[in-house]
Amino acid sequence: MNNFIKDKKFKNIREKIAISNFKEEMEMKNSKNKKIIYTILPACAVFMICCIVTLSYSTPKELASHNNINDISNNNVSDNVLSIADITEKIDSDKIIYETSEEMENACFAYEPNIENLYKNADVVLIGTFDSNLNMYADGFLIRTETKFNTSSVLKNETDISINESVVFDRIGGVMTLNKFMENNDEIRADEFVNIPENERSEYYIVQEYAPNNKLDFSTSDKDTKYLIFLNYNSDKLTLNSMYYGIREINSVNQVYDYDLDTFVECDLIK
């Protein structure tokens with residue numbers, strides 16, 4: 001019905017323009033210059049009307065936002081650049097499946113993950129700034145993110161890996177499309193997610209938050225915030241020591257974030 005009304009409005013406008021043009025041309029047929037002017041004006045009028053109608057339906061901002069959502073929902077944006085914020089802000093909540101890591105909930109450590117113990121037991125300790133998420137992949141029911149940090153200073157390195165400029169390590173948490181999360185995943189039971197048709201699973205997202213309150217969902221626009229990072233080396237791979245406890249934000253007065261106290265504290269490692 002709306003299309004019919006719009007078509008009718010356009011038809012009426014075109015008819016009125018045509019009638020007006022005919023009268024004007026008849027009146028001005030003896031004047032060459034005026035005839036040329038009135039020949040050009042109708043085309044301009046039609047063009048302007050079409051532009052106004054088009055703009056009235058979609059502003060540039062709305063179109064940009066719509067395209068961003070389509071890029072994500074059509075899976076044109078690769079998983080490795082997605083942040084959890086991208087998904088929660090732009091995808092309908094009924095398309096998001098939150099998976100809580102039992103490993104994170106029931107974590108037991110061989111030592112209390114305070115800064116002193118973390119430094120003592122880590123193979124690598126450094127201060128750095130976030131660069132990018134390189135890759136996200138499923139490890140059973142865990143999502144792991146390969147993360148790159150740019151190195152500001154090296155406090156400890158007992159490996160043969162050069163970390164003077166940058167470092168890449170694995171951490172728990174991330175976001176993946178459901179179809180990729182399930183792909184070749186031996187720990188997904190046959191009855192998991194059966195309520196979602198296979199051809200629709202690329203439109204759903206599995207989210208596993210980084211640390212409490214998703215504190216470590218880094219923004220690519222933030223290149224200034226520094227973090228104290230504790231890493232272990234095993235099987236040719238660097239991973240966070242004691243999961244999210246192994247990465248701590250440093251504030252402007254060189255205090256380090258304490259997850260248990262939920263505040264920044266003094267740290268002897270930071271000078």
# chains A, B, ... in the order shown; residues from 1 in each chain; ligands from 1

call {"tool": "closest_atom_pairs", "arguments": {"of": "range 164-216 of chain A", "to": "range 112-124 of chain A", "cutoff": "12 Å", "atoms": "only C-alpha atoms", "output": "CSV"}}
result
residue,atom,partner,partner_atom,distance
A:Asn164,CA,A:Val124,CA,11.4
A:Val167,CA,A:Val124,CA,10.0
A:Val168,CA,A:Val124,CA,11.7
A:Phe169,CA,A:Val124,CA,10.8

call {"tool": "residues_around", "arguments": {"residues": "Asn135 in chain A", "least_positions_apart": "3", "cutoff": "12 Å", "atoms": "only C-alpha atoms", "output": "mmCIF file with N, CA and C atoms, in the first residue's frame"}}
result
data_model
loop_
_atom_site.group_PDB
_atom_site.id
_atom_site.type_symbol
_atom_site.label_atom_id
_atom_site.label_comp_id
_atom_site.auth_asym_id
_atom_site.auth_seq_id
_atom_site.Cartn_x
_atom_site.Cartn_y
_atom_site.Cartn_z
ATOM 1 N N SER A 78 35.611 -10.662 9.687
ATOM 2 C CA SER A 78 36.212 -11.898 10.191
ATOM 3 C C SER A 78 36.215 -11.911 11.711
ATOM 4 N N ASP A 79 36.142 -13.124 12.270
ATOM 5 C CA ASP A 79 36.075 -13.277 13.717
ATOM 6 C C ASP A 79 37.259 -12.647 14.426
ATOM 7 N N ASN A 80 38.433 -12.675 13.787
ATOM 8 C CA ASN A 80 39.622 -12.256 14.523
ATOM 9 C C ASN A 80 39.676 -10.763 14.796
ATOM 10 N N VAL A 81 38.831 -9.956 14.182
ATOM 11 C CA VAL A 81 38.848 -8.525 14.477
ATOM 12 C C VAL A 81 37.648 -8.101 15.315
ATOM 13 N N LEU A 82 36.755 -9.016 15.592
ATOM 14 C CA LEU A 82 35.579 -8.665 16.361
ATOM 15 C C LEU A 82 35.909 -8.509 17.835
ATOM 16 N N SER A 83 35.296 -7.525 18.464
ATOM 17 C CA SER A 83 35.356 -7.426 19.913
ATOM 18 C C SER A 83 33.979 -7.798 20.444
ATOM 19 N N SER A 132 46.407 -5.656 18.815
ATOM 20 C CA SER A 132 45.285 -6.245 18.082
ATOM 21 C C SER A 132 45.024 -7.672 18.534
ATOM 22 N N ALA A 138 38.194 -22.026 18.876
ATOM 23 C CA ALA A 138 37.553 -22.829 19.914
ATOM 24 C C ALA A 138 38.516 -23.898 20.405
ATOM 25 N N ILE A 143 36.843 -20.389 24.358
ATOM 26 C CA ILE A 143 37.274 -19.587 23.218
ATOM 27 C C ILE A 143 38.604 -18.970 23.625
ATOM 28 N N ARG A 144 39.579 -19.085 22.760
ATOM 29 C CA ARG A 144 40.884 -18.494 23.025
ATOM 30 C C ARG A 144 41.190 -17.429 21.975
ATOM 31 N N THR A 145 41.849 -16.375 22.426
ATOM 32 C CA THR A 145 42.206 -15.264 21.546
ATOM 33 C C THR A 145 43.711 -15.092 21.499
ATOM 34 N N GLU A 146 44.269 -15.141 20.298
ATOM 35 C CA GLU A 146 45.678 -14.811 20.115
ATOM 36 C C GLU A 146 45.789 -13.293 20.060
ATOM 37 N N THR A 147 46.528 -12.741 21.001
ATOM 38 C CA THR A 147 46.559 -11.298 21.193
ATOM 39 C C THR A 147 47.977 -10.761 21.015
ATOM 40 N N LYS A 148 48.078 -9.625 20.331
ATOM 41 C CA LYS A 148 49.377 -8.982 20.137
ATOM 42 C C LYS A 148 49.466 -7.712 20.969
ATOM 43 N N VAL A 168 53.162 -11.969 21.223
ATOM 44 C CA VAL A 168 51.862 -12.586 20.909
ATOM 45 C C VAL A 168 51.625 -13.712 21.906
ATOM 46 N N PHE A 169 50.451 -13.728 22.512
ATOM 47 C CA PHE A 169 50.136 -14.756 23.497
ATOM 48 C C PHE A 169 48.657 -15.127 23.429
ATOM 49 N N ASP A 170 48.334 -16.280 23.996
ATOM 50 C CA ASP A 170 46.957 -16.762 24.055
ATOM 51 C C ASP A 170 46.307 -16.351 25.369
ATOM 52 N N ARG A 171 45.019 -16.028 25.299
ATOM 53 C CA ARG A 171 44.254 -15.763 26.518
ATOM 54 C C ARG A 171 42.842 -16.316 26.341
ATOM 55 N N ILE A 172 42.183 -16.580 27.450
ATOM 56 C CA ILE A 172 40.834 -17.149 27.410
ATOM 57 C C ILE A 172 39.802 -16.038 27.244
ATOM 58 N N GLY A 173 38.838 -16.299 26.356
ATOM 59 C CA GLY A 173 37.769 -15.342 26.107
ATOM 60 C C GLY A 173 37.722 -14.956 24.646
ATOM 61 N N GLY A 174 36.580 -14.450 24.208
ATOM 62 C CA GLY A 174 36.444 -13.998 22.829
ATOM 63 C C GLY A 174 35.039 -14.182 22.301
ATOM 64 N N VAL A 175 34.896 -14.029 20.999
ATOM 65 C CA VAL A 175 33.590 -14.155 20.353
ATOM 66 C C VAL A 175 33.772 -14.836 19.002
ATOM 67 N N MET A 176 32.863 -15.785 18.708
ATOM 68 C CA MET A 176 32.900 -16.509 17.443
ATOM 69 C C MET A 176 31.479 -16.747 16.952
#

call {"tool": "select_by_dssp", "arguments": {"residues": "range 60-238 of chain A", "states": "helix (DSSP H, G or I)", "output": "VMD selection string"}}
result
chain A and resid 60 to 73 79 to 81 84 to 90 93 to 95 102 to 105 115 to 121 178 to 182 198 to 203 212 to 214

call {"tool": "atom_distance", "arguments": {"atom1": "CA of Asp224 in chain A", "atom2": "CA of Arg248 in chain A"}}
result
14.2 Å

call {"tool": "closest_residue", "arguments": {"among": "A:Cys108, A:Ile91, A:Leu269, A:Leu228", "to": "Thr129 in chain A", "atoms": "only C-alpha atoms"}}
result
A:Leu228

call {"tool": "atom_distance", "arguments": {"atom1": "CA of Phe130 in chain A", "atom2": "CA of Phe218 in chain A"}}
result
7.1 Å

call {"tool": "atom_distance", "arguments": {"atom1": "CA of Asp94 in chain A", "atom2": "CA of Tyr204 in chain A"}}
result
8.4 Å

call {"tool": "closest_residue", "arguments": {"among": "A:Ile96, A:Ile270, A:Ala190, A:Leu134", "to": "Thr220 in chain A", "atoms": "only C-alpha atoms"}}
result
A:Leu134

call {"tool": "residues_around", "arguments": {"residues": "Tyr98 in chain A", "least_positions_apart": "4", "cutoff": "7 Å", "atoms": "only C-alpha atoms", "output": "PyMOL selection string"}}
result
chain A and resi 206-208

call {"tool": "closest_residue", "arguments": {"among": "A:Leu216, A:Leu178, A:Ile161, A:Ala211", "to": "Asp236 in chain A", "atoms": "only C-alpha atoms"}}
result
A:Ile161

call {"tool": "select_by_dssp", "arguments": {"residues": "range 192-266 of chain A", "states": "strand (DSSP E or B)", "output": "list in words"}}
result
Tyr205, Ile206, Val207, Gln208, Lys226, Tyr227, Leu228, Ile229, Phe230, Leu231, Asn232, Tyr233, Asn234, Lys237, Leu238, Thr239, Leu240, Ile247, Arg248, Glu249, Ile250, Val256, Tyr257, Asp258, Thr263, Phe264 and Val265 of chain A

call {"tool": "write_last_selection", "arguments": {"atoms": "C-alpha atoms", "output": "PDB file, in the first residue's frame"}}
result
ATOM      1  CA  TYR A 205      27.455 -15.562  18.157  1.00  0.00           C
ATOM      2  CA  ILE A 206      29.070 -17.358  21.071  1.00  0.00           C
ATOM      3  CA  VAL A 207      30.453 -14.861  23.595  1.00  0.00           C
ATOM      4  CA  GLN A 208      32.876 -15.723  26.376  1.00  0.00           C
ATOM      5  CA  LYS A 226      49.677   0.244  29.593  1.00  0.00           C
ATOM      6  CA  TYR A 227      49.370  -3.232  31.099  1.00  0.00           C
ATOM      7  CA  LEU A 228      51.616  -5.372  33.270  1.00  0.00           C
ATOM      8  CA  ILE A 229      51.659  -8.845  31.691  1.00  0.00           C
ATOM      9  CA  PHE A 230      52.798 -12.191  33.150  1.00  0.00           C
ATOM     10  CA  LEU A 231      53.299 -15.027  30.662  1.00  0.00           C
ATOM     11  CA  ASN A 232      54.304 -18.681  30.688  1.00  0.00           C
ATOM     12  CA  TYR A 233      55.971 -20.547  27.853  1.00  0.00           C
ATOM     13  CA  ASN A 234      54.793 -24.060  27.005  1.00  0.00           C
ATOM     14  CA  LYS A 237      53.350 -20.914  22.866  1.00  0.00           C
ATOM     15  CA  LEU A 238      53.043 -18.045  25.339  1.00  0.00           C
ATOM     16  CA  THR A 239      49.915 -17.951  27.506  1.00  0.00           C
ATOM     17  CA  LEU A 240      48.762 -15.760  30.363  1.00  0.00           C
ATOM     18  CA  ILE A 247      47.304  -9.086  32.848  1.00  0.00           C
ATOM     19  CA  ARG A 248      46.861  -5.933  34.940  1.00  0.00           C
ATOM     20  CA  GLU A 249      46.055  -2.393  33.858  1.00  0.00           C
ATOM     21  CA  ILE A 250      48.465   0.360  34.948  1.00  0.00           C
ATOM     22  CA  VAL A 256      48.447  -1.700  39.100  1.00  0.00           C
ATOM     23  CA  TYR A 257      44.888  -3.037  39.049  1.00  0.00           C
ATOM     24  CA  ASP A 258      44.019  -5.688  41.649  1.00  0.00           C
ATOM     25  CA  THR A 263      41.039  -1.105  42.776  1.00  0.00           C
ATOM     26  CA  PHE A 264      44.528   0.079  41.831  1.00  0.00           C
ATOM     27  CA  VAL A 265      47.396  -0.628  44.221  1.00  0.00           C
TER      28      VAL A 265
END

call {"tool": "residues_around", "arguments": {"residues": "Phe193 in chain A", "least_positions_apart": "2", "cutoff": "12 Å", "atoms": "only C-alpha atoms", "output": "ChimeraX atom specification"}}
result
/A:97,178-179,181-182,188-191,195-198,200-201,204-206

call {"tool": "write_last_selection", "arguments": {"atoms": "C-alpha atoms", "output": "short mmCIF file (atom, residue, chain, number, x, y, z; two decimals), in the first residue's frame"}}
result
data_model
loop_
_atom_site.label_atom_id
_atom_site.label_comp_id
_atom_site.auth_asym_id
_atom_site.auth_seq_id
_atom_site.Cartn_x
_atom_site.Cartn_y
_atom_site.Cartn_z
CA ILE A 97 24.75 -16.95 23.31
CA LEU A 178 28.22 -20.40 16.27
CA ASN A 179 29.03 -22.38 13.12
CA PHE A 181 32.60 -22.51 17.27
CA MET A 182 31.00 -25.90 16.52
CA ILE A 188 30.25 -30.20 21.50
CA ARG A 189 27.59 -32.81 22.20
CA ALA A 190 25.31 -33.97 19.42
CA ASP A 191 22.30 -32.41 21.16
CA ASN A 195 17.22 -25.77 18.13
CA ILE A 196 19.19 -23.57 15.73
CA PRO A 197 19.11 -24.74 12.08
CA GLU A 198 22.54 -25.33 10.55
CA GLU A 200 21.31 -20.06 10.43
CA ARG A 201 24.25 -20.72 12.76
CA TYR A 204 24.49 -16.46 15.97
CA TYR A 205 27.46 -15.56 18.16
CA ILE A 206 29.07 -17.36 21.07
#

call {"tool": "closest_residue", "arguments": {"among": "A:Glu266, A:Glu183, A:Asp217, A:Glu203", "to": "Ser93 in chain A", "atoms": "only C-alpha atoms"}}
result
A:Glu203

call {"tool": "residues_around", "arguments": {"residues": "Ser153 in chain A", "least_positions_apart": "6", "cutoff": "8 Å", "atoms": "only C-alpha atoms", "output": "PDB file with C-alpha atoms, in the first residue's frame"}}
result
ATOM      1  CA  LEU A 126      56.644  -7.091  30.482  1.00  0.00           C
ATOM      2  CA  ILE A 127      54.816  -3.796  30.230  1.00  0.00           C
ATOM      3  CA  GLY A 128      53.002  -3.157  26.969  1.00  0.00           C
ATOM      4  CA  ASN A 164      61.647  -6.382  22.727  1.00  0.00           C
TER       5      ASN A 164
END

call {"tool": "closest_residue", "arguments": {"among": "A:Asp139, A:Tyr210, A:Phe149, A:Ile163", "to": "Asp186 in chain A", "atoms": "only C-alpha atoms"}}
result
A:Asp139

call {"tool": "closest_residue", "arguments": {"among": "A:Asp86, A:Thr177, A:Ser162, A:Phe109", "to": "Tyr245 in chain A", "atoms": "only C-alpha atoms"}}
result
A:Phe109
